[in-house]
$ cat model.csv   # CSV, C-alpha atoms and all ligand atoms
chain,number,residue,atom,x,y,z
A,821,MET,CA,-37.6,-29.1,8.3
A,822,PRO,CA,-40.8,-30.1,10.1
A,823,VAL,CA,-39.3,-29.6,13.6
A,824,LEU,CA,-38.9,-25.9,12.8
A,825,LYS,CA,-42.5,-25.5,11.7
A,826,PRO,CA,-45.1,-24.2,14.2
A,827,ASP,CA,-48.5,-25.9,14.1
A,828,VAL,CA,-50.1,-22.4,14.3
A,829,TYR,CA,-48.7,-19.0,13.8
A,830,VAL,CA,-50.6,-16.1,15.3
A,831,ARG,CA,-50.0,-12.4,15.9
A,832,SER,CA,-50.1,-12.7,19.7
A,833,VAL,CA,-51.4,-14.8,22.5
A,834,HIS,CA,-54.7,-13.0,22.3
A,835,ASP,CA,-55.3,-14.7,18.9
A,836,ILE,CA,-54.8,-18.2,20.3
A,837,ASP,CA,-58.1,-20.1,19.9
A,838,LEU,CA,-58.4,-21.6,23.4
A,839,ALA,CA,-61.6,-23.4,22.6
A,840,GLU,CA,-60.0,-25.2,19.7
A,841,LEU,CA,-57.0,-26.2,21.9
A,842,LYS,CA,-59.5,-27.7,24.4
A,843,ARG,CA,-61.3,-29.5,21.5
A,844,LEU,CA,-58.0,-31.1,20.6
A,845,GLY,CA,-57.5,-32.3,24.2
A,846,ILE,CA,-54.9,-29.7,25.1
A,847,ASP,CA,-55.2,-28.3,28.6
A,848,THR,CA,-51.6,-27.4,29.2
A,849,LEU,CA,-49.7,-24.3,28.1
A,850,LEU,CA,-45.9,-24.0,28.3
A,851,VAL,CA,-45.4,-20.3,27.6
A,852,ASP,CA,-42.3,-18.3,26.8
A,853,LEU,CA,-41.9,-14.9,28.6
A,854,ASP,CA,-39.6,-12.5,26.8
A,855,ASN,CA,-41.3,-11.0,23.7
A,856,THR,CA,-44.2,-13.4,24.0
A,857,LEU,CA,-45.9,-12.1,27.2
A,858,LEU,CA,-43.5,-9.3,28.1
A,859,SER,CA,-41.8,-7.0,25.8
A,860,ARG,CA,-38.0,-7.1,26.0
A,861,ASP,CA,-37.8,-3.4,26.7
A,862,THR,CA,-40.2,-3.2,29.6
A,863,SER,CA,-40.9,-5.0,32.9
A,864,GLU,CA,-44.6,-4.2,33.0
A,865,PHE,CA,-47.3,-6.4,31.6
A,866,THR,CA,-50.0,-4.8,29.5
A,867,PRO,CA,-53.5,-5.0,31.0
A,868,GLU,CA,-54.5,-7.3,28.1
A,869,VAL,CA,-51.8,-9.9,29.0
A,870,LEU,CA,-52.8,-9.8,32.7
A,871,GLU,CA,-56.4,-10.4,31.6
A,872,TRP,CA,-55.2,-13.3,29.3
A,873,SER,CA,-53.4,-14.9,32.1
A,874,ARG,CA,-56.6,-14.9,34.2
A,875,THR,CA,-58.6,-16.2,31.3
A,876,VAL,CA,-56.5,-19.2,30.6
A,877,VAL,CA,-56.5,-20.2,34.3
A,878,ALA,CA,-60.2,-19.6,34.5
A,879,ASP,CA,-60.7,-21.8,31.4
A,880,GLY,CA,-59.0,-24.6,33.2
A,881,PHE,CA,-55.6,-24.6,31.5
A,882,ARG,CA,-52.5,-25.7,33.4
A,883,VAL,CA,-49.8,-23.1,32.7
A,884,CYS,CA,-46.1,-22.8,33.3
A,885,LEU,CA,-43.6,-20.3,32.0
A,886,VAL,CA,-40.5,-21.8,30.5
A,887,SER,CA,-37.8,-19.3,30.0
A,888,ASN,CA,-34.1,-19.4,29.1
A,889,ASN,CA,-33.8,-16.3,31.2
A,890,TRP,CA,-32.8,-16.5,34.9
A,891,HIS,CA,-32.8,-13.0,36.1
A,892,GLU,CA,-35.0,-11.7,39.0
A,893,ARG,CA,-37.3,-10.3,36.3
A,894,VAL,CA,-38.6,-13.7,35.2
A,895,HIS,CA,-39.4,-14.7,38.8
A,896,THR,CA,-41.2,-11.5,39.5
A,897,ALA,CA,-43.1,-11.9,36.2
A,898,ALA,CA,-44.2,-15.4,36.9
A,899,ALA,CA,-45.4,-14.4,40.4
A,900,GLU,CA,-47.4,-11.5,38.9
A,901,LEU,CA,-49.1,-13.8,36.4
A,902,GLY,CA,-49.7,-16.5,38.9
A,903,PHE,CA,-47.9,-19.1,36.7
A,904,GLY,CA,-45.3,-21.6,37.6
A,905,LEU,CA,-41.8,-21.1,36.2
A,906,VAL,CA,-39.0,-23.1,34.9
A,907,SER,CA,-36.1,-20.7,34.3
A,908,ARG,CA,-32.6,-21.4,32.8
A,909,ALA,CA,-34.5,-23.6,30.4
A,910,VAL,CA,-31.8,-24.1,27.8
A,911,LYS,CA,-34.5,-24.2,25.1
A,912,PRO,CA,-34.6,-25.8,22.5
A,913,LEU,CA,-33.5,-28.7,24.6
A,914,PRO,CA,-36.6,-30.5,25.8
A,915,PHE,CA,-35.7,-31.0,29.4
A,916,ALA,CA,-37.2,-27.9,30.8
A,917,PHE,CA,-40.5,-28.6,29.0
A,918,LEU,CA,-40.5,-32.1,30.5
A,919,VAL,CA,-39.8,-30.7,34.0
A,920,ALA,CA,-42.7,-28.2,33.5
A,921,LEU,CA,-45.0,-31.0,32.3
A,922,LYS,CA,-44.2,-33.2,35.3
A,923,ARG,CA,-44.8,-30.3,37.7
A,924,LEU,CA,-48.2,-29.7,36.1
A,925,ASP,CA,-49.0,-33.4,36.2
A,926,SER,CA,-49.5,-33.3,32.4
A,927,SER,CA,-48.0,-34.8,29.3
A,928,SER,CA,-46.7,-33.6,25.9
A,929,LYS,CA,-49.8,-34.8,24.1
A,930,ARG,CA,-51.9,-32.5,26.2
A,931,ALA,CA,-49.6,-29.5,25.8
A,932,ALA,CA,-49.0,-26.6,23.5
A,933,VAL,CA,-45.7,-24.6,23.6
A,934,VAL,CA,-46.3,-20.9,23.0
A,935,GLY,CA,-43.4,-18.6,22.1
A,936,ASP,CA,-42.0,-16.0,19.7
A,937,GLN,CA,-38.9,-17.9,18.5
A,938,VAL,CA,-38.6,-20.7,16.0
A,939,PHE,CA,-35.2,-21.9,17.2
A,940,THR,CA,-36.0,-22.1,20.9
A,941,ASP,CA,-39.8,-22.3,21.4
A,942,VAL,CA,-41.0,-24.1,18.2
A,943,LEU,CA,-38.0,-26.4,17.9
A,944,GLY,CA,-38.1,-27.2,21.6
A,945,GLY,CA,-41.8,-27.8,21.6
A,946,ASN,CA,-41.6,-30.1,18.6
A,947,LEU,CA,-38.8,-32.0,20.1
A,948,THR,CA,-40.9,-32.4,23.3
A,949,GLY,CA,-43.8,-33.8,21.2
A,950,ALA,CA,-46.1,-30.9,22.1
A,951,ARG,CA,-48.2,-28.7,19.7
A,952,THR,CA,-46.4,-25.5,18.9
A,953,VAL,CA,-47.9,-22.0,18.7
A,954,LEU,CA,-45.6,-19.3,17.3
A,955,VAL,CA,-46.5,-15.6,18.1
A,956,GLN,CA,-45.0,-12.5,16.6
A,957,PRO,CA,-42.4,-10.9,19.0
A,958,LEU,CA,-43.8,-8.1,21.1
A,959,SER,CA,-40.7,-6.0,20.4
A,960,THR,CA,-38.1,-5.8,17.8
A,961,SER,CA,-35.5,-5.2,20.5
A,962,ASP,CA,-33.8,-8.5,21.5
A,963,LEU,CA,-30.5,-10.1,22.3
A,964,PRO,CA,-27.8,-9.9,19.5
A,965,HIS,CA,-27.8,-13.7,18.8
A,966,THR,CA,-31.6,-13.6,18.7
A,967,LEU,CA,-31.6,-10.8,16.2
A,968,PHE,CA,-29.3,-13.0,14.1
A,969,LEU,CA,-31.6,-16.0,14.3
A,970,ARG,CA,-34.6,-13.8,13.4
A,971,ARG,CA,-33.1,-13.5,9.9
A,972,LEU,CA,-33.1,-17.3,9.6
A,973,GLU,CA,-36.6,-17.4,11.0
A,974,SER,CA,-37.9,-15.1,8.3
A,975,ARG,CA,-36.6,-17.6,5.7
A,976,ILE,CA,-38.3,-20.5,7.4
A,977,LEU,CA,-41.6,-18.6,7.7
A,978,ARG,CA,-41.3,-17.2,4.2
A,979,GLY,CA,-44.7,-16.6,2.8
A,980,ARG,CA,-46.4,-17.6,6.0
A,981,GLU,CA,-48.5,-14.9,7.6
A,982,PRO,CA,-49.9,-15.0,11.2
A,983,ILE,CA,-53.6,-15.8,11.3
A,984,THR,CA,-55.9,-13.7,13.4
A,985,VAL,CA,-58.4,-16.3,14.3
A,986,SER,CA,-56.5,-19.6,14.4
A,987,LYS,CA,-58.1,-22.7,12.9
A,988,ASP,CA,-55.7,-25.4,11.9
A,989,TYR,CA,-54.0,-26.8,15.0
A,990,SER,CA,-54.2,-30.4,13.9
B,1001,MG,MG,-39.0,-15.2,23.6
$ encode --input "model.csv" --output "C-alpha cells" --more "lines below"
Ligand SMILES: [Mg+2]
Amino acid sequence: MPVLKPDVYVRSVHDIDLAELKRLGIDTLLVDLDNTLLSRDTSEFTPEVLEWSRTVVADGFRVCLVSNNWHERVHTAAAELGFGLVSRAVKPLPFAFLVALKRLDSSSKRAAVVGDQVFTDVLGGNLTGARTVLVQPLSTSDLPHTLFLRRLESRILRGREPITVSKDYS
C-alpha cells in the first residue's frame, strides 16, 4: 500500500540529505522523538543528536516534535532540543501534524515527517500529504504493541535496505 511506503529510508537522522530536502522545497521537519531522536531506554540525547538539532535549525528548517507520548520526558526533551512539541499526537491520525504545520506557519507540501515507525510516522505523514522519511529505530526496546507492529513493518519493508546517503526523495 502506497500510504505505508516511506519516500526515503535511512539508518538515522544523520543520513538525511538536508540539502536535497531544501532542493525539493522542503523547509519543515515534523520529527518523532522515541527511538528516532531518543532511544526508548534512555533520557539522554547523544552529542550527535544535539548537534543535528542545532544543524537543522541553523540550516533554516522549521522543526516540531510530534509525539504520541505525553509524559514529562517529551516536554523536557523538546526543551532541550529547542524544538516545538505536539504531544498526545494520536499518530497516524493527521491532526497533530496539521497542528504542528499551523504553528510553524508551514504546509504539508513543504514538510517531511521523520520517524521510526511505518504505522504511525510514515502512515500519518502520507495521510498528511507530507514527504516521509523512515529511520531505523535507535533501540530494539519498545512498547509491546510496537514490537508487534514491527513484525508487520518488516514485511512491508521486505527487501528494502536503508540508504546511507539518501538520494531519491521525489
Ligand atoms: Mg518512534
$ residues_near_ligand --input "model.csv" --ligand "ligand MG 1001 (chain B)" --cutoff "12 Å" --atoms "all atoms listed in the file" --output "tab-separated table (two decimals) with C-alpha atoms, in the frame of the given file"
chain	number	residue	atom	x	y	z
A	851	VAL	CA	-45.40	-20.30	27.60
A	852	ASP	CA	-42.30	-18.30	26.80
A	853	LEU	CA	-41.90	-14.90	28.60
A	854	ASP	CA	-39.60	-12.50	26.80
A	855	ASN	CA	-41.30	-11.00	23.70
A	856	THR	CA	-44.20	-13.40	24.00
A	857	LEU	CA	-45.90	-12.10	27.20
A	858	LEU	CA	-43.50	-9.30	28.10
A	859	SER	CA	-41.80	-7.00	25.80
A	860	ARG	CA	-38.00	-7.10	26.00
A	885	LEU	CA	-43.60	-20.30	32.00
A	886	VAL	CA	-40.50	-21.80	30.50
A	887	SER	CA	-37.80	-19.30	30.00
A	888	ASN	CA	-34.10	-19.40	29.10
A	889	ASN	CA	-33.80	-16.30	31.20
A	894	VAL	CA	-38.60	-13.70	35.20
A	909	ALA	CA	-34.50	-23.60	30.40
A	911	LYS	CA	-34.50	-24.20	25.10
A	912	PRO	CA	-34.60	-25.80	22.50
A	933	VAL	CA	-45.70	-24.60	23.60
A	934	VAL	CA	-46.30	-20.90	23.00
A	935	GLY	CA	-43.40	-18.60	22.10
A	936	ASP	CA	-42.00	-16.00	19.70
A	937	GLN	CA	-38.90	-17.90	18.50
A	938	VAL	CA	-38.60	-20.70	16.00
A	939	PHE	CA	-35.20	-21.90	17.20
A	940	THR	CA	-36.00	-22.10	20.90
A	941	ASP	CA	-39.80	-22.30	21.40
A	942	VAL	CA	-41.00	-24.10	18.20
A	954	LEU	CA	-45.60	-19.30	17.30
A	955	VAL	CA	-46.50	-15.60	18.10
A	956	GLN	CA	-45.00	-12.50	16.60
A	957	PRO	CA	-42.40	-10.90	19.00
A	958	LEU	CA	-43.80	-8.10	21.10
A	959	SER	CA	-40.70	-6.00	20.40
A	960	THR	CA	-38.10	-5.80	17.80
A	961	SER	CA	-35.50	-5.20	20.50
A	962	ASP	CA	-33.80	-8.50	21.50
A	963	LEU	CA	-30.50	-10.10	22.30
A	966	THR	CA	-31.60	-13.60	18.70
A	967	LEU	CA	-31.60	-10.80	16.20
A	969	LEU	CA	-31.60	-16.00	14.30
A	970	ARG	CA	-34.60	-13.80	13.40
$ residues_around --input "model.csv" --residues "range 825-827 of chain A" --least-positions-apart "2" --cutoff "6 Å" --atoms "only C-alpha atoms" --output "list in words"
Pro822, Val823, Val942, Thr952, Val953, Leu954 and Tyr989 of chain A
$ closest_residue --input "model.csv" --among "A:Leu838, A:Leu850, A:Ala899, A:Val828" --to "Ser928 in chain A" --atoms "all atoms listed in the file"
A:Leu850
$ atom_distance --input "model.csv" --atom1 "CA of Ala898 in chain A" --atom2 "CA of Val869 in chain A"
12.3 Å
$ residues_near_point --input "model.csv" --point "(-58.5, -32.9, 19.9)" --cutoff "10 Å" --atoms "all atoms listed in the file" --output "PyMOL selection string"
chain A and resi 840-846+929-930+989-990
$ atom_distance --input "model.csv" --atom1 "CA of Ala950 in chain A" --atom2 "CA of Ala932 in chain A"
5.4 Å
$ closest_residue --input "model.csv" --among "A:Thr866, A:Leu824, A:Val833, A:Phe903" --to "Leu947 in chain A" --atoms "all atoms listed in the file"
A:Leu824
$ closest_residue --input "model.csv" --among "A:Trp890, A:Phe915, A:Phe881, A:Tyr829" --to "Asp847 in chain A" --atoms "all atoms listed in the file"
A:Phe881
$ atom_distance --input "model.csv" --atom1 "CA of Leu921 in chain A" --atom2 "CA of Val906 in chain A"
10.3 Å
$ residues_near_point --input "model.csv" --point "(-55.0, -13.7, 27.2)" --cutoff "10 Å" --atoms "only C-alpha atoms" --output "count of residues only"
18
$ closest_residue --input "model.csv" --among "A:Cys884, A:Leu943, A:Ile976, A:Leu924" --to "Ser907 in chain A" --atoms "all atoms listed in the file"
A:Cys884
$ closest_residue --input "model.csv" --among "A:Thr948, A:Ser863, A:Thr848, A:Ser974" --to "Glu892 in chain A" --atoms "all atoms listed in the file"
A:Ser863
$ closest_residue --input "model.csv" --among "A:Pro914, A:Glu973, A:Leu849, A:Pro964" --to "Gly880 in chain A" --atoms "all atoms listed in the file"
A:Leu849
$ decode --input "model.csv" --residues "range 848-860 of chain A" --atoms "all heavy atoms" --output "PDB file, in the first residue's frame"
ATOM      1  N   THR A 848      10.503  22.220   6.375  1.00  0.00           N
ATOM      2  CA  THR A 848       9.809  21.928   7.628  1.00  0.00           C
ATOM      3  C   THR A 848       9.967  20.450   7.973  1.00  0.00           C
ATOM      4  O   THR A 848       9.730  19.592   7.133  1.00  0.00           O
ATOM      5  CB  THR A 848       8.300  22.252   7.481  1.00  0.00           C
ATOM      6  OG1 THR A 848       8.171  23.622   7.076  1.00  0.00           O
ATOM      7  CG2 THR A 848       7.554  22.015   8.785  1.00  0.00           C
ATOM      8  N   LEU A 849      10.377  20.182   9.204  1.00  0.00           N
ATOM      9  CA  LEU A 849      10.558  18.801   9.649  1.00  0.00           C
ATOM     10  C   LEU A 849       9.651  18.538  10.846  1.00  0.00           C
ATOM     11  O   LEU A 849       9.703  19.259  11.845  1.00  0.00           O
ATOM     12  CB  LEU A 849      12.018  18.551  10.049  1.00  0.00           C
ATOM     13  CG  LEU A 849      13.080  18.765   8.971  1.00  0.00           C
ATOM     14  CD1 LEU A 849      14.478  18.560   9.561  1.00  0.00           C
ATOM     15  CD2 LEU A 849      12.860  17.825   7.782  1.00  0.00           C
ATOM     16  N   LEU A 850       8.822  17.516  10.720  1.00  0.00           N
ATOM     17  CA  LEU A 850       7.957  17.080  11.827  1.00  0.00           C
ATOM     18  C   LEU A 850       8.542  15.764  12.301  1.00  0.00           C
ATOM     19  O   LEU A 850       8.475  14.751  11.609  1.00  0.00           O
ATOM     20  CB  LEU A 850       6.521  16.914  11.331  1.00  0.00           C
ATOM     21  CG  LEU A 850       5.932  18.141  10.615  1.00  0.00           C
ATOM     22  CD1 LEU A 850       4.510  17.865  10.142  1.00  0.00           C
ATOM     23  CD2 LEU A 850       5.967  19.376  11.516  1.00  0.00           C
ATOM     24  N   VAL A 851       9.150  15.803  13.480  1.00  0.00           N
ATOM     25  CA  VAL A 851      10.039  14.710  13.866  1.00  0.00           C
ATOM     26  C   VAL A 851       9.498  13.951  15.078  1.00  0.00           C
ATOM     27  O   VAL A 851       9.081  14.556  16.073  1.00  0.00           O
ATOM     28  CB  VAL A 851      11.454  15.256  14.187  1.00  0.00           C
ATOM     29  CG1 VAL A 851      12.440  14.117  14.391  1.00  0.00           C
ATOM     30  CG2 VAL A 851      11.944  16.185  13.081  1.00  0.00           C
ATOM     31  N   ASP A 852       9.521  12.648  14.974  1.00  0.00           N
ATOM     32  CA  ASP A 852       9.172  11.760  16.077  1.00  0.00           C
ATOM     33  C   ASP A 852      10.301  11.797  17.122  1.00  0.00           C
ATOM     34  O   ASP A 852      11.450  12.091  16.792  1.00  0.00           O
ATOM     35  CB  ASP A 852       9.007  10.343  15.508  1.00  0.00           C
ATOM     36  CG  ASP A 852       8.801   9.310  16.597  1.00  0.00           C
ATOM     37  OD1 ASP A 852       7.863   9.468  17.391  1.00  0.00           O
ATOM     38  OD2 ASP A 852       9.578   8.333  16.638  1.00  0.00           O
ATOM     39  N   LEU A 853       9.970  11.515  18.359  1.00  0.00           N
ATOM     40  CA  LEU A 853      11.002  11.523  19.404  1.00  0.00           C
ATOM     41  C   LEU A 853      11.505  10.114  19.739  1.00  0.00           C
ATOM     42  O   LEU A 853      12.685   9.802  19.543  1.00  0.00           O
ATOM     43  CB  LEU A 853      10.458  12.185  20.677  1.00  0.00           C
ATOM     44  CG  LEU A 853      11.427  12.186  21.860  1.00  0.00           C
ATOM     45  CD1 LEU A 853      12.629  13.091  21.594  1.00  0.00           C
ATOM     46  CD2 LEU A 853      10.719  12.618  23.143  1.00  0.00           C
ATOM     47  N   ASP A 854      10.594   9.266  20.232  1.00  0.00           N
ATOM     48  CA  ASP A 854      11.029   7.974  20.784  1.00  0.00           C
ATOM     49  C   ASP A 854      11.572   7.037  19.719  1.00  0.00           C
ATOM     50  O   ASP A 854      10.891   6.710  18.749  1.00  0.00           O
ATOM     51  CB  ASP A 854       9.861   7.306  21.519  1.00  0.00           C
ATOM     52  CG  ASP A 854       9.575   7.998  22.836  1.00  0.00           C
ATOM     53  OD1 ASP A 854      10.505   8.113  23.654  1.00  0.00           O
ATOM     54  OD2 ASP A 854       8.433   8.441  23.042  1.00  0.00           O
ATOM     55  N   ASN A 855      12.781   6.643  19.929  1.00  0.00           N
ATOM     56  CA  ASN A 855      13.524   5.743  19.041  1.00  0.00           C
ATOM     57  C   ASN A 855      13.868   6.359  17.684  1.00  0.00           C
ATOM     58  O   ASN A 855      14.373   5.689  16.794  1.00  0.00           O
ATOM     59  CB  ASN A 855      12.812   4.401  18.863  1.00  0.00           C
ATOM     60  CG  ASN A 855      13.264   3.397  19.910  1.00  0.00           C
ATOM     61  OD1 ASN A 855      14.308   3.598  20.544  1.00  0.00           O
ATOM     62  ND2 ASN A 855      12.509   2.332  20.096  1.00  0.00           N
ATOM     63  N   THR A 856      13.562   7.665  17.533  1.00  0.00           N
ATOM     64  CA  THR A 856      14.018   8.394  16.337  1.00  0.00           C
ATOM     65  C   THR A 856      15.166   9.325  16.746  1.00  0.00           C
ATOM     66  O   THR A 856      16.249   9.282  16.167  1.00  0.00           O
ATOM     67  CB  THR A 856      12.855   9.205  15.720  1.00  0.00           C
ATOM     68  OG1 THR A 856      11.870   8.290  15.253  1.00  0.00           O
ATOM     69  CG2 THR A 856      13.355  10.075  14.563  1.00  0.00           C
ATOM     70  N   LEU A 857      14.920  10.146  17.775  1.00  0.00           N
ATOM     71  CA  LEU A 857      15.966  11.041  18.290  1.00  0.00           C
ATOM     72  C   LEU A 857      16.489  10.576  19.637  1.00  0.00           C
ATOM     73  O   LEU A 857      17.611  10.901  20.023  1.00  0.00           O
ATOM     74  CB  LEU A 857      15.421  12.469  18.432  1.00  0.00           C
ATOM     75  CG  LEU A 857      15.029  13.195  17.149  1.00  0.00           C
ATOM     76  CD1 LEU A 857      14.486  14.580  17.490  1.00  0.00           C
ATOM     77  CD2 LEU A 857      16.219  13.319  16.201  1.00  0.00           C
ATOM     78  N   LEU A 858      15.639   9.865  20.353  1.00  0.00           N
ATOM     79  CA  LEU A 858      15.980   9.454  21.715  1.00  0.00           C
ATOM     80  C   LEU A 858      15.628   7.985  21.901  1.00  0.00           C
ATOM     81  O   LEU A 858      14.488   7.587  21.673  1.00  0.00           O
ATOM     82  CB  LEU A 858      15.180  10.315  22.702  1.00  0.00           C
ATOM     83  CG  LEU A 858      15.484  10.197  24.183  1.00  0.00           C
ATOM     84  CD1 LEU A 858      16.940  10.561  24.465  1.00  0.00           C
ATOM     85  CD2 LEU A 858      14.559  11.120  24.967  1.00  0.00           C
ATOM     86  N   SER A 859      16.617   7.223  22.287  1.00  0.00           N
ATOM     87  CA  SER A 859      16.410   5.797  22.494  1.00  0.00           C
ATOM     88  C   SER A 859      15.388   5.585  23.614  1.00  0.00           C
ATOM     89  O   SER A 859      15.371   6.327  24.592  1.00  0.00           O
ATOM     90  CB  SER A 859      17.755   5.161  22.854  1.00  0.00           C
ATOM     91  OG  SER A 859      17.602   3.789  22.993  1.00  0.00           O
ATOM     92  N   ARG A 860      14.515   4.584  23.431  1.00  0.00           N
ATOM     93  CA  ARG A 860      13.487   4.282  24.434  1.00  0.00           C
ATOM     94  C   ARG A 860      14.059   4.020  25.824  1.00  0.00           C
ATOM     95  O   ARG A 860      13.405   4.246  26.829  1.00  0.00           O
ATOM     96  CB  ARG A 860      12.719   3.025  24.026  1.00  0.00           C
ATOM     97  CG  ARG A 860      11.536   3.272  23.189  1.00  0.00           C
ATOM     98  CD  ARG A 860      10.273   3.439  24.006  1.00  0.00           C
ATOM     99  NE  ARG A 860       9.151   3.703  23.114  1.00  0.00           N
ATOM    100  CZ  ARG A 860       8.135   4.470  23.401  1.00  0.00           C
ATOM    101  NH1 ARG A 860       8.066   5.080  24.551  1.00  0.00           N
ATOM    102  NH2 ARG A 860       7.175   4.650  22.540  1.00  0.00           N
TER     103      ARG A 860
END
